[in-house]
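Remarks on the structure that follows.
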Amino acid sequence: MKTVQAYRFALDLTAAQERDVYAHAGAARVARNWALARVKAVMDQRAAERTYGVPDELLTPTVSWTLPALRRAWNAAKPEVAPWWSEVSKEAFNTGLDALARGLKNWADSRTGKRAGRPVGFPRFASRRRTTPSVRFTTGAIRVEADRMHVVLPRLGRLKLHESARKLARRLEAGTARIMSATVRRDGGRWHVSFTVEVERTARTPVRPGTVVGVDVGIRHLAVLSTGELVDSPRHLVTAQRRMRTLGRALSRKIGPDRRAGRRASKR
């Protein structure tokens with residue numbers, strides 16, 4: 001049985017490594033904003049042409065916003081848009097384009113009713129200050145070193161971990177896990193690396209199948225068992241409110257001393 005599991009570790013980056021990660025995150029933001037401006041310009045142009053009465057067959061051709069289409073357009077324009085493109089990994093640009101492709105698809109599916117839940121707005125341009133820096137790697141050299149305290153990522157090289165990656169390393173050494181992608185992200189004031197891993201697990205069967213019971217946690221009842229038994233909620237709030245009312249009535253019958261008015265305290 002194969003499942004997808006995530007492993008997250010804190011990083012201890014040097015100043016040079018942190019600059020490199022910021023450069024990759026900035027490259028992802030540049031590619032995303034460029035592709036979004038391109039898509040938005042075509043959509044605005046088509047909307048303006050409709051106001052002039054231009055028939056649909058004569059409108060400006062639409063731009064595909066799938067990831068392969070966005071990647072082809074970026075590869076053709078990157079020598080002019082980003083002359084420094086060779087200084088970072090191609091995965092950095094793919095990170096921004098993939099995020100935009102997902103956002104546009106969610107927006108389109110939300111408008112047509114294919115996506116359930118709250119309405120999804122049109123993607124906005126990524127800001128340098130408000131955007132959380134992150135970059136995702138799906139190809140290239142992605143591995144955990146033998147000392148289990150370092151990881152290797154494309155173009156970033158050997159990065160030191162703040163904690164041991166022995167849990168992931170054991171599975172990789174045993175051949176029961178395969179790294180699918182690695183994401184470097186700044187969260188909570190420090191950098192982390194998250195690995196998306198395909199883990200192969202052995203299907204477990206209960207020793208005594210008759211003793212297994214399913215539990216569903218609910219609202220009206222604390223739990224509902226697969227046997228049909230209902231476990232009532234302890235209702236802590238109702239109990240506390242009842243006790244508060246009792247104490248409030250007892251307090252209202254008590255009078256404290258007042259020296260200025262010459263009032264004595266009640267005997268209770």
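Identifiers for the structure tokens are assigned positionally: chains receive A, B, ... in sequence, residues are indexed from 1 per chain, and ligands are indexed from 1 in the order shown.
Taking only region 103-153 of chain A, the residues that DSSP calls helix (DSSP H, G or I) from the backbone come to Gly103, Leu104, Lys105, Asn106, Trp107, Ala108, Asp109, Ser110, Arg111 and Thr112 of chain A.
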Selection: 12 Å around region 70-75 of chain A, only C-alpha atoms, excl. self and same-chain fewer than 4 positions, as number ranges by chain:
A: 27-28, 30-39, 63-66, 79-83, 85-86, 90-102, 104
Which of A:Glu198, A:Glu87, A:Glu229, A:Glu57 sits closest to Gly26 (chain A) [using only C-alpha atoms]:
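Among the listed residues, the smallest separation from Gly26 (chain A) belongs to A:Glu87.
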List every residue of region 81-245 of chain A that DSSP, applied to the backbone of this structure, assigns to strand (DSSP E or B), and report them as JSON, numbers by chain.
{"A": [134, 135, 136, 137, 143, 144, 150, 151, 152, 153, 157, 158, 159, 160, 161, 177, 178, 179, 180, 181, 182, 183, 184, 185, 186, 187, 190, 191, 192, 193, 194, 195, 196, 197, 198, 199, 200, 215, 216, 217, 223, 224, 225, 230, 231]}
What's around region 9-16 of chain A at 7 Å? Count only C-alpha atoms, leave out sequence neighbours fewer than 2 positions away in its own chain, and write the answer as number ranges by chain.
A: 7, 18-20, 159-163, 191-194
Residue among A:Gly256, A:Pro133, A:Pro68, A:Gly175 lying closest to Asp187 (chain A), counting only C-alpha atoms
A:Pro133
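Here the question is which of A:Ala177, A:Val213, A:Val184, A:Leu58 gets nearest to Val199 (chain A) using only C-alpha atoms, and that residue is A:Ala177.
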Which value, in Å to one decimal, gives the distance between CA of Ile179 (chain A) and CA of Thr138 (chain A)?
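Interatomic distance here is 8.8 Å.
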